[in-house]
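Text of run.txt, listed as compact mmCIF, C-alpha atoms and all ligand atoms:
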# COMPACT_ATOMS: atom_id res chain seq x y z
CA MET Z 1 111.44 125.20 99.28
CA GLN Z 2 113.02 121.72 99.28
CA ARG Z 3 114.03 120.36 95.87
CA LEU Z 4 113.05 116.76 95.36
CA LEU Z 5 113.70 114.32 92.57
CA LEU Z 6 110.67 112.05 92.03
CA ILE Z 7 111.56 108.92 90.07
CA GLY Z 8 108.67 106.82 88.75
CA THR Z 9 109.42 103.16 88.05
CA GLY Z 10 105.95 101.59 87.91
CA GLY Z 11 104.07 99.12 90.11
CA THR Z 12 100.53 99.10 91.41
CA ILE Z 13 100.81 102.74 92.45
CA ALA Z 14 100.98 103.52 88.71
CA ALA Z 15 98.37 100.96 87.69
CA THR Z 16 94.70 101.02 86.81
CA ALA Z 17 92.14 98.28 86.24
CA THR Z 18 89.26 98.36 83.78
CA ASP Z 19 86.78 97.85 86.62
CA ALA Z 20 87.17 99.85 89.84
CA ARG Z 21 86.39 96.81 91.97
CA ARG Z 22 89.28 94.84 90.56
CA LEU Z 23 92.08 94.94 93.09
CA THR Z 24 94.49 92.49 91.51
CA ASP Z 25 94.06 92.39 87.75
CA TYR Z 26 95.47 95.68 86.50
CA GLN Z 27 98.06 97.23 84.22
CA VAL Z 28 100.73 99.87 84.77
CA THR Z 29 99.26 102.82 82.90
CA GLN Z 30 100.28 106.04 84.63
CA GLY Z 31 103.40 108.07 84.10
CA ILE Z 32 104.92 109.76 87.12
CA GLU Z 33 104.04 113.32 85.99
CA ALA Z 34 100.37 112.40 85.49
CA MET Z 35 100.30 110.52 88.78
CA LEU Z 36 101.64 113.52 90.67
CA ALA Z 37 99.31 115.93 88.87
CA ALA Z 38 96.28 113.80 89.76
CA ILE Z 39 96.86 114.08 93.52
CA PRO Z 40 95.47 117.35 94.85
CA GLY Z 41 98.17 119.40 96.56
CA ALA Z 42 100.98 116.88 96.03
CA GLY Z 43 102.81 118.85 93.34
CA THR Z 44 103.24 121.90 95.57
CA LEU Z 45 104.71 120.10 98.59
CA ALA Z 46 108.19 120.79 97.23
CA ASP Z 47 109.99 121.87 94.10
CA ILE Z 48 109.58 118.48 92.40
CA ARG Z 49 111.37 117.29 89.28
CA CYS Z 50 110.07 114.05 87.77
CA GLU Z 51 112.01 111.35 85.96
CA GLN Z 52 110.76 108.08 84.51
CA PRO Z 53 113.56 105.66 83.65
CA PHE Z 54 111.01 102.85 83.12
CA ASN Z 55 107.42 102.08 84.06
CA VAL Z 56 107.00 98.40 84.85
CA ASP Z 57 105.59 95.88 87.24
CA SER Z 58 108.36 95.25 89.76
CA ARG Z 59 108.21 91.46 89.27
CA ALA Z 60 109.70 92.11 85.81
CA LEU Z 61 112.66 94.23 86.90
CA HIS Z 62 116.12 93.21 85.70
CA THR Z 63 119.33 93.82 87.60
CA THR Z 64 120.45 96.19 84.84
CA GLN Z 65 117.41 98.40 85.48
CA VAL Z 66 117.92 98.36 89.24
CA LEU Z 67 121.59 99.28 88.78
CA GLN Z 68 120.58 102.07 86.38
CA LEU Z 69 118.19 103.40 89.03
CA ALA Z 70 120.81 103.04 91.77
CA ARG Z 71 123.41 104.92 89.72
CA ARG Z 72 120.93 107.74 89.12
CA VAL Z 73 120.12 107.94 92.83
CA GLN Z 74 123.82 107.92 93.76
CA GLN Z 75 124.35 110.76 91.32
CA ALA Z 76 121.25 112.72 92.37
CA VAL Z 77 122.08 112.79 96.07
CA ARG Z 78 125.49 114.24 95.18
CA GLN Z 79 123.83 117.12 93.30
CA ALA Z 80 123.62 120.39 95.22
CA ASP Z 81 120.19 121.10 93.74
CA VAL Z 82 118.61 117.88 95.04
CA ASP Z 83 117.58 117.73 98.71
CA GLY Z 84 115.98 114.30 98.60
CA VAL Z 85 114.78 111.54 96.31
CA VAL Z 86 111.43 109.74 96.19
CA ILE Z 87 111.04 106.59 94.12
CA THR Z 88 107.67 105.08 93.26
CA HIS Z 89 108.02 101.32 92.86
CA GLY Z 90 105.98 98.13 92.68
CA THR Z 91 105.68 96.55 96.10
CA ASP Z 92 106.46 93.00 94.96
CA SER Z 93 110.19 93.59 94.84
CA LEU Z 94 110.36 97.02 96.51
CA GLU Z 95 112.28 95.73 99.52
CA GLU Z 96 114.98 94.34 97.20
CA THR Z 97 115.56 97.66 95.42
CA ALA Z 98 115.43 99.46 98.77
CA PHE Z 99 118.05 97.17 100.31
CA LEU Z 100 120.35 97.49 97.29
CA LEU Z 101 120.04 101.28 97.51
CA HIS Z 102 120.85 101.02 101.22
CA LEU Z 103 124.07 99.20 100.33
CA VAL Z 104 125.21 101.58 97.60
CA THR Z 105 124.39 105.00 99.07
CA ASP Z 106 125.80 106.82 102.06
CA SER Z 107 124.35 110.28 101.63
CA PRO Z 108 122.58 111.90 104.58
CA LYS Z 109 119.92 113.09 102.13
CA PRO Z 110 116.64 111.16 102.36
CA ILE Z 111 115.99 108.44 99.81
CA VAL Z 112 112.40 107.26 100.09
CA LEU Z 113 110.69 104.39 98.28
CA VAL Z 114 106.94 104.23 98.07
CA GLY Z 115 104.35 101.98 96.47
CA ALA Z 116 100.73 101.03 96.81
CA MET Z 117 98.84 97.84 97.46
CA ARG Z 118 95.75 98.94 95.54
CA PRO Z 119 95.68 100.29 91.99
CA ALA Z 120 94.89 103.94 91.39
CA SER Z 121 91.45 102.97 90.02
CA ALA Z 122 90.37 101.23 93.25
CA PRO Z 123 88.03 102.67 95.85
CA SER Z 124 90.30 103.55 98.81
CA ALA Z 125 93.42 103.44 96.65
CA ASP Z 126 96.38 103.84 99.01
CA GLY Z 127 98.80 105.27 96.44
CA PRO Z 128 97.88 108.96 96.60
CA LEU Z 129 98.31 109.33 100.37
CA ASN Z 130 101.39 107.07 100.35
CA LEU Z 131 102.98 109.35 97.76
CA ILE Z 132 102.05 112.51 99.66
CA ASN Z 133 103.55 110.98 102.81
CA ALA Z 134 106.71 109.96 100.96
CA LEU Z 135 107.16 113.53 99.68
CA LEU Z 136 106.54 114.89 103.18
CA VAL Z 137 109.21 112.55 104.57
CA ALA Z 138 111.71 113.37 101.82
CA ARG Z 139 111.36 117.13 102.31
CA ASP Z 140 111.52 117.01 106.11
CA PRO Z 141 114.88 118.15 107.54
CA ALA Z 142 114.47 115.55 110.32
CA SER Z 143 114.80 112.85 107.66
CA MET Z 144 118.49 113.69 107.14
CA GLY Z 145 120.81 110.86 108.10
CA ARG Z 146 118.13 108.19 108.40
CA GLY Z 147 119.24 106.21 105.39
CA VAL Z 148 117.07 104.64 102.73
CA MET Z 149 113.46 104.48 103.86
CA ILE Z 150 110.17 102.95 102.77
CA VAL Z 151 106.97 104.91 103.35
CA MET Z 152 103.77 102.87 103.23
CA ASN Z 153 100.48 102.97 105.10
CA ASP Z 154 101.53 106.00 107.22
CA GLY Z 155 104.65 104.19 108.45
CA ILE Z 156 108.31 105.06 107.85
CA LEU Z 157 110.50 101.98 107.71
CA ALA Z 158 114.25 101.52 107.43
CA ALA Z 159 115.13 99.73 104.17
CA ARG Z 160 117.70 97.76 106.18
CA GLN Z 161 114.93 95.99 108.11
CA ALA Z 162 111.85 96.20 105.91
CA ALA Z 163 110.08 93.29 104.25
CA LYS Z 164 106.72 92.73 102.67
CA GLY Z 165 104.74 90.62 105.11
CA HIS Z 166 101.27 90.40 103.60
CA THR Z 167 100.13 89.66 100.07
CA THR Z 168 97.30 92.17 99.75
CA ARG Z 169 96.69 94.37 102.78
CA VAL Z 170 97.68 98.03 102.83
CA ASP Z 171 99.74 97.36 105.98
CA ALA Z 172 101.82 94.86 104.02
CA PHE Z 173 105.24 96.22 105.01
CA GLY Z 174 106.68 95.65 108.41
CA GLY Z 175 109.71 93.42 108.33
CA ASP Z 176 111.00 91.97 111.53
CA GLY Z 177 109.36 94.53 113.76
CA LEU Z 178 112.62 96.43 114.21
CA GLY Z 179 112.35 98.63 111.15
CA MET Z 180 109.78 101.25 112.09
CA LEU Z 181 111.54 104.60 112.26
CA GLY Z 182 108.46 106.74 112.58
CA ALA Z 183 105.09 107.63 111.15
CA VAL Z 184 103.34 110.31 109.15
CA CYS Z 185 100.20 111.50 110.84
CA ASP Z 186 97.87 114.10 109.38
CA GLY Z 187 100.63 115.65 107.29
CA ARG Z 188 103.24 115.65 110.07
CA VAL Z 189 106.35 113.50 110.14
CA HIS Z 190 107.15 111.95 113.53
CA TYR Z 191 110.33 110.01 114.15
CA ALA Z 192 110.78 107.57 117.01
CA GLN Z 193 114.25 106.26 116.22
CA ARG Z 194 117.37 106.50 114.06
CA PRO Z 195 118.91 103.58 112.21
CA ASN Z 196 122.30 102.39 113.47
CA PRO Z 197 125.17 104.38 111.97
CA ARG Z 198 126.60 102.41 109.06
CA THR Z 199 129.98 100.81 109.55
CA VAL Z 200 130.36 99.31 106.08
CA PRO Z 201 131.22 101.76 103.28
CA ALA Z 202 128.76 102.04 100.40
CA PHE Z 203 129.53 99.85 97.38
CA HIS Z 204 130.39 101.86 94.29
CA LEU Z 205 128.69 100.90 91.03
CA THR Z 206 131.22 102.27 88.57
CA GLY Z 207 131.49 99.98 85.58
CA LEU Z 208 128.88 97.52 86.88
CA ARG Z 209 126.25 96.65 84.31
CA SER Z 210 125.12 93.48 86.02
CA LEU Z 211 125.81 91.48 89.17
CA PRO Z 212 127.03 87.91 89.64
CA ALA Z 213 124.28 85.29 89.85
CA VAL Z 214 123.30 84.17 93.33
CA ASP Z 215 120.40 81.76 93.84
CA ILE Z 216 118.09 81.38 96.81
CA ILE Z 217 117.11 77.78 97.51
CA SER Z 218 114.32 77.04 99.96
CA ASP Z 219 114.86 74.24 102.42
CA TYR Z 220 112.22 71.97 103.95
CA GLN Z 221 111.65 68.45 105.25
CA ASP Z 222 112.97 65.80 102.91
CA ALA Z 223 114.30 68.40 100.45
CA PRO Z 224 116.06 67.21 97.28
CA VAL Z 225 119.67 67.95 96.35
CA HIS Z 226 119.01 68.65 92.66
CA PRO Z 227 118.37 72.44 93.02
CA TYR Z 228 121.96 72.77 94.31
CA GLN Z 229 123.33 70.68 91.45
CA ALA Z 230 121.32 72.76 88.96
CA ALA Z 231 122.65 75.97 90.47
CA ILE Z 232 126.24 74.74 90.24
CA GLN Z 233 125.68 73.63 86.67
CA ALA Z 234 124.15 77.00 85.73
CA GLY Z 235 127.33 78.77 86.81
CA THR Z 236 125.84 80.48 89.84
CA ARG Z 237 128.48 82.11 92.04
CA GLY Z 238 126.66 81.79 95.33
CA ILE Z 239 123.73 80.10 97.05
CA VAL Z 240 121.63 81.48 99.86
CA VAL Z 241 119.69 78.74 101.59
CA ALA Z 242 116.39 79.86 103.09
CA GLY Z 243 116.93 77.26 105.78
CA MET Z 244 114.83 76.11 108.67
CA GLY Z 245 114.76 77.80 112.09
CA ASN Z 246 118.11 79.31 113.00
CA GLY Z 247 119.56 78.46 109.58
CA SER Z 248 119.40 74.69 110.06
CA LEU Z 249 119.87 72.70 106.88
CA SER Z 250 118.28 69.45 105.75
CA ILE Z 251 120.63 66.61 104.84
CA ALA Z 252 120.20 67.40 101.13
CA ALA Z 253 120.93 71.09 101.68
CA GLU Z 254 124.08 70.21 103.62
CA ARG Z 255 125.16 67.90 100.84
CA GLY Z 256 124.26 70.39 98.10
CA CYS Z 257 126.14 73.19 99.83
CA ALA Z 258 129.17 70.96 100.39
CA GLN Z 259 129.26 70.22 96.65
CA ALA Z 260 128.86 73.92 95.83
CA ILE Z 261 131.56 75.03 98.27
CA ARG Z 262 133.99 72.46 96.83
CA ARG Z 263 133.44 74.11 93.45
CA GLY Z 264 134.18 77.56 94.85
CA LEU Z 265 130.66 78.90 95.39
CA ILE Z 266 129.85 80.95 98.49
CA CYS Z 267 126.99 79.41 100.47
CA VAL Z 268 125.05 81.35 103.07
CA ARG Z 269 122.74 79.94 105.72
CA ALA Z 270 119.73 82.27 106.03
CA SER Z 271 116.29 81.36 107.31
CA ARG Z 272 112.83 80.92 105.89
CA VAL Z 273 111.53 82.16 109.27
CA PRO Z 274 110.58 85.83 108.83
CA ARG Z 275 111.89 87.15 112.14
CA GLY Z 276 115.16 86.74 113.99
CA ALA Z 277 118.81 86.32 113.05
CA VAL Z 278 120.74 83.25 111.95
CA THR Z 279 123.59 82.94 114.40
CA PRO Z 280 127.01 81.56 113.45
CA LYS Z 281 127.98 78.12 114.76
CA ASP Z 282 131.27 76.32 115.28
CA SER Z 283 130.62 73.85 112.47
CA ASP Z 284 130.57 76.73 109.95
CA ALA Z 285 134.37 76.78 110.16
CA GLU Z 286 134.48 73.14 108.97
CA THR Z 287 131.67 73.30 106.39
CA GLY Z 288 132.60 76.70 104.97
CA LEU Z 289 129.01 77.90 105.28
CA LEU Z 290 128.45 81.53 106.25
CA ALA Z 291 125.68 82.70 108.57
CA ALA Z 292 123.35 85.39 107.22
CA HIS Z 293 123.08 87.03 110.65
CA ASP Z 294 120.05 89.32 110.57
CA LEU Z 295 119.78 89.48 106.79
CA ASN Z 296 116.79 87.71 105.34
CA PRO Z 297 117.39 85.50 102.26
CA LEU Z 298 116.60 88.32 99.80
CA GLN Z 299 118.94 90.72 101.59
CA ALA Z 300 121.70 88.12 101.93
CA ARG Z 301 121.46 87.45 98.18
CA ILE Z 302 121.80 91.14 97.31
CA ALA Z 303 124.72 91.63 99.71
CA LEU Z 304 126.45 88.54 98.31
CA ARG Z 305 125.97 89.68 94.71
CA LEU Z 306 127.52 93.07 95.47
CA ALA Z 307 130.33 91.49 97.48
CA LEU Z 308 131.16 89.08 94.64
CA ALA Z 309 131.00 91.90 92.10
CA HIS Z 310 133.66 93.69 94.14
CA GLY Z 311 135.87 90.64 94.39
CA LEU Z 312 135.47 90.03 98.14
CA ASP Z 313 136.72 86.62 99.27
CA HIS Z 314 135.07 84.12 101.61
CA ALA Z 315 136.48 85.66 104.79
CA ALA Z 316 135.65 89.22 103.75
CA ILE Z 317 132.10 88.19 102.82
CA GLY Z 318 131.71 86.50 106.21
CA SER Z 319 132.68 89.74 107.97
CA LEU Z 320 130.47 91.80 105.67
CA LEU Z 321 127.38 89.73 106.48
CA GLN Z 322 128.10 90.22 110.15
CA GLU Z 323 128.73 93.96 109.97
CA LEU Z 324 125.97 95.07 107.61
N1 LIG S 1 102.68 93.72 90.88
C1 LIG S 1 102.91 94.97 91.55
C2 LIG S 1 104.39 95.32 91.46
O1 LIG S 1 105.18 94.95 92.28
C3 LIG S 1 102.45 94.88 92.94
C4 LIG S 1 102.45 96.17 93.69
O2 LIG S 1 103.03 97.18 93.30
O3 LIG S 1 101.85 96.19 94.78
O4 LIG S 1 104.77 95.97 90.56
Any chance you could put this one into structure tokens?
Amino acid sequence: MQRLLLIGTGGTIAATATDARRLTDYQVTQGIEAMLAAIPGAGTLADIRCEQPFNVDSRALHTTQVLQLARRVQQAVRQADVDGVVITHGTDSLEETAFLLHLVTDSPKPIVLVGAMRPASAPSADGPLNLINALLVARDPASMGRGVMIVMNDGILAARQAAKGHTTRVDAFGGDGLGMLGAVCDGRVHYAQRPNPRTVPAFHLTGLRSLPAVDIISDYQDAPVHPYQAAIQAGTRGIVVAGMGNGSLSIAAERGCAQAIRRGLICVRASRVPRGAVTPKDSDAETGLLAAHDLNPLQARIALRLALAHGLDHAAIGSLLQEL
């Protein structure tokens, strides 16, 4: 029998409302052991050990907590008595934790994140089946070497490509359409593709208790320059601009980034458009801006934070964003 570590961190999957018809106003109330015990048949899918480092709404997560979780996952996948890890997590920032885990782990063992769009008290709550599916994926030998994955709504997504794309529906996760690795259907795991083999080594977390500050600034018509000035003043180390189209910047964003770059900040051109990459352009060499390539603004921010924490310089960060 496969030995799985099930880490509960909170979110809607662990939440209940006072009225069953309430789908948005709810509190995190369930511990991971109780949640598992309440789902018929889930506890016997594998030899499951539960851990609960915290139990919170994912909008409230601090970097220190995410690093604590990441360190535990790094450690767990190195243990001979752990065949896979499942993490229950709020969906609001699930893709951020998943992408960070993608950057800091390189084990072939499955690491699966799962959440729910409806609280456990709702009619048609999606959490129980999502959790069953996540356990099925984590215990399946075919899941080896597929990286960090997100299991939601019967789909298996690569953390590298996944993003939340709907505010309330159970099919909220999809990303750019490239991230679907497979599906779980009637208790069976089916894979359609493998993620690309990683070329960038995993970042180690030894000694890291926090990460350097990197801000995301949205760009739009007639944008102001003051968010850039505020970021510089706050001591932020990097700025990711959620720019227009293929990472085009408004005049204020160009000016704000120029000021930031002169003061030694790293500025990345990403896009507010949910699908497609931001391609490098010749003028980047003059402006010092870096293209986010196919990282969305959230992913570019996480990659930049880790890169800065490891002392990578402008050129090395530019290559990293391209290779990830
Ligand atoms: N507010 C919840 C959270 O992210 C939303 C969810 O889990 O769907 O923790």
Practice prompt. Kindly indicate which residue among Z:Asp25, Z:Asp154, Z:Asp19, Z:Asp57 lies nearest to ligand LIG 1 (chain S), using all atoms listed in the file for the distances.
Written response: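 Nearest to ligand LIG 1 (chain S): Z:Asp57.
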Item to complete: Give the residue list for ligand LIG 1 (chain S) at 6 Å, counting all atoms listed in the file, as a VMD selection string, sorted by chain and then by residue number.
Response: chain Z and resid 11 to 12 57 to 59 90 to 93 115 to 117
Fill in: Test item: residues at most 8 Å from Ile87 in chain Z, all atoms listed in the file, excluding those fewer than 4 positions along its chain, as number ranges by chain
Z: 6-9, 111-114
Worksheet item: Can you find the residues with an atom no farther than 9 Å from (101.4, 105.5, 93.4), counting all atoms listed in the file, and report them as a list in words?
Response: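 Those within range, by chain then number, are Gly8, Gly10, Gly11, Thr12, Ile13, Ala14, Ala15, Gln30, Ile32, Met35, Leu36, Thr88, His89, Gly90, Val114, Gly115, Ala116, Arg118, Pro119, Ala120, Ala125, Asp126, Gly127, Pro128, Leu129, Asn130 and Leu131 of chain Z.
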As AutoDock Vina command-line options, please report the centre and edge lengths, rounded to one decimal in Å, of the axis-aligned box that holds all listed atoms of range 110-117 of chain Z with 3 Å of padding on each of the six sides.
--center_x 107.7 --center_y 104.5 --center_z 99.4 --size_x 23.8 --size_y 19.3 --size_z 11.9
Practice prompt. Kindly provide, as a list in words, the polymer residues lying within 10 Å of (122.4, 96.2, 96.6), counting all atoms listed in the file and using the coordinates exactly as they appear in the file.
Written response: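 With a cut-off of 10 Å, the residues come to Thr63, Val66, Leu67, Ala70, Glu96, Thr97, Ala98, Phe99, Leu100, Leu101, His102, Leu103, Val104, Thr105, Ala202, Phe203, Leu205, Leu211, Gln299, Ala300, Arg301, Ile302, Ala303, Leu304, Arg305, Leu306 and Ala307 of chain Z.
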Worksheet item: For Thr167 in chain Z, which of Z:Thr24, Z:Asn133, Z:Ile232, Z:Val189 is the closest residue, counting only C-alpha atoms?
Response: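 Looking at the shortest contact to Thr167 in chain Z, the residue is Z:Thr24.
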Worksheet item: So how many Å separate CA of Gly238 in chain Z and CA of Arg160 in chain Z, to one decimal?
Response: 21.3 Å
Item to complete: Rank Z:Asp106, Z:Arg71, Z:Arg194, Z:Ala159 by their smallest atom-to-atom distance to Ala142 in chain Z, using only C-alpha atoms, and report the top residue only.
Response: Z:Arg194
Practice prompt. Could you check how far CA of Arg269 in chain Z sits from CA of Gln229 in chain Z, in Å to one decimal?
Written response: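 Between CA of Arg269 in chain Z and CA of Gln229 in chain Z the gap works out to 17.0 Å.
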Worksheet item: When distances are computed from all atoms listed in the file, which of Z:Ala223, Z:Ala230, Z:Pro280, Z:Ser107 shows the smallest separation from Glu254 in chain Z?
Response: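 Looking only at the distances to Glu254 in chain Z, the closest residue turns out to be Z:Ala223.
The interatomic distance for the pair CA of Leu135 in chain Z and CA of Ala192 in chain Z works out to 18.7 Å.
Counting only C-alpha atoms, the residue from Z:Thr64, Z:Ala260, Z:His190, Z:Asp222 that sits nearest to Gly207 in chain Z is Z:Thr64.
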Discussion item. Considering only C-alpha atoms, can you say which of Z:Ala231, Z:Ala60, Z:Leu290, Z:Ala80 comes closest to Val214 in chain Z?
Written reply: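 Smallest distance to Val214 in chain Z is found for Z:Ala231.
Near Val241 in chain Z, within 6 Å and counting all atoms listed in the file, sit Ile216, Ile217, Ser218, Gly243, Arg269 and Ala270 of chain Z, not including residues fewer than 2 positions from it in the same chain.
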Shell around Arg255 in chain Z at 10 Å using all atoms listed in the file, local window under 5 positions removed, as a PDB file with C-alpha atoms, in the frame of the given file:
ATOM      1  CA  PRO Z 224     116.060  67.210  97.280  1.00  0.00           C
ATOM      2  CA  VAL Z 225     119.670  67.950  96.350  1.00  0.00           C
ATOM      3  CA  TYR Z 228     121.960  72.770  94.310  1.00  0.00           C
ATOM      4  CA  GLN Z 229     123.330  70.680  91.450  1.00  0.00           C
ATOM      5  CA  LEU Z 249     119.870  72.700 106.880  1.00  0.00           C
ATOM      6  CA  SER Z 250     118.280  69.450 105.750  1.00  0.00           C
ATOM      7  CA  ALA Z 260     128.860  73.920  95.830  1.00  0.00           C
ATOM      8  CA  ILE Z 261     131.560  75.030  98.270  1.00  0.00           C
TER       9      ILE Z 261
END
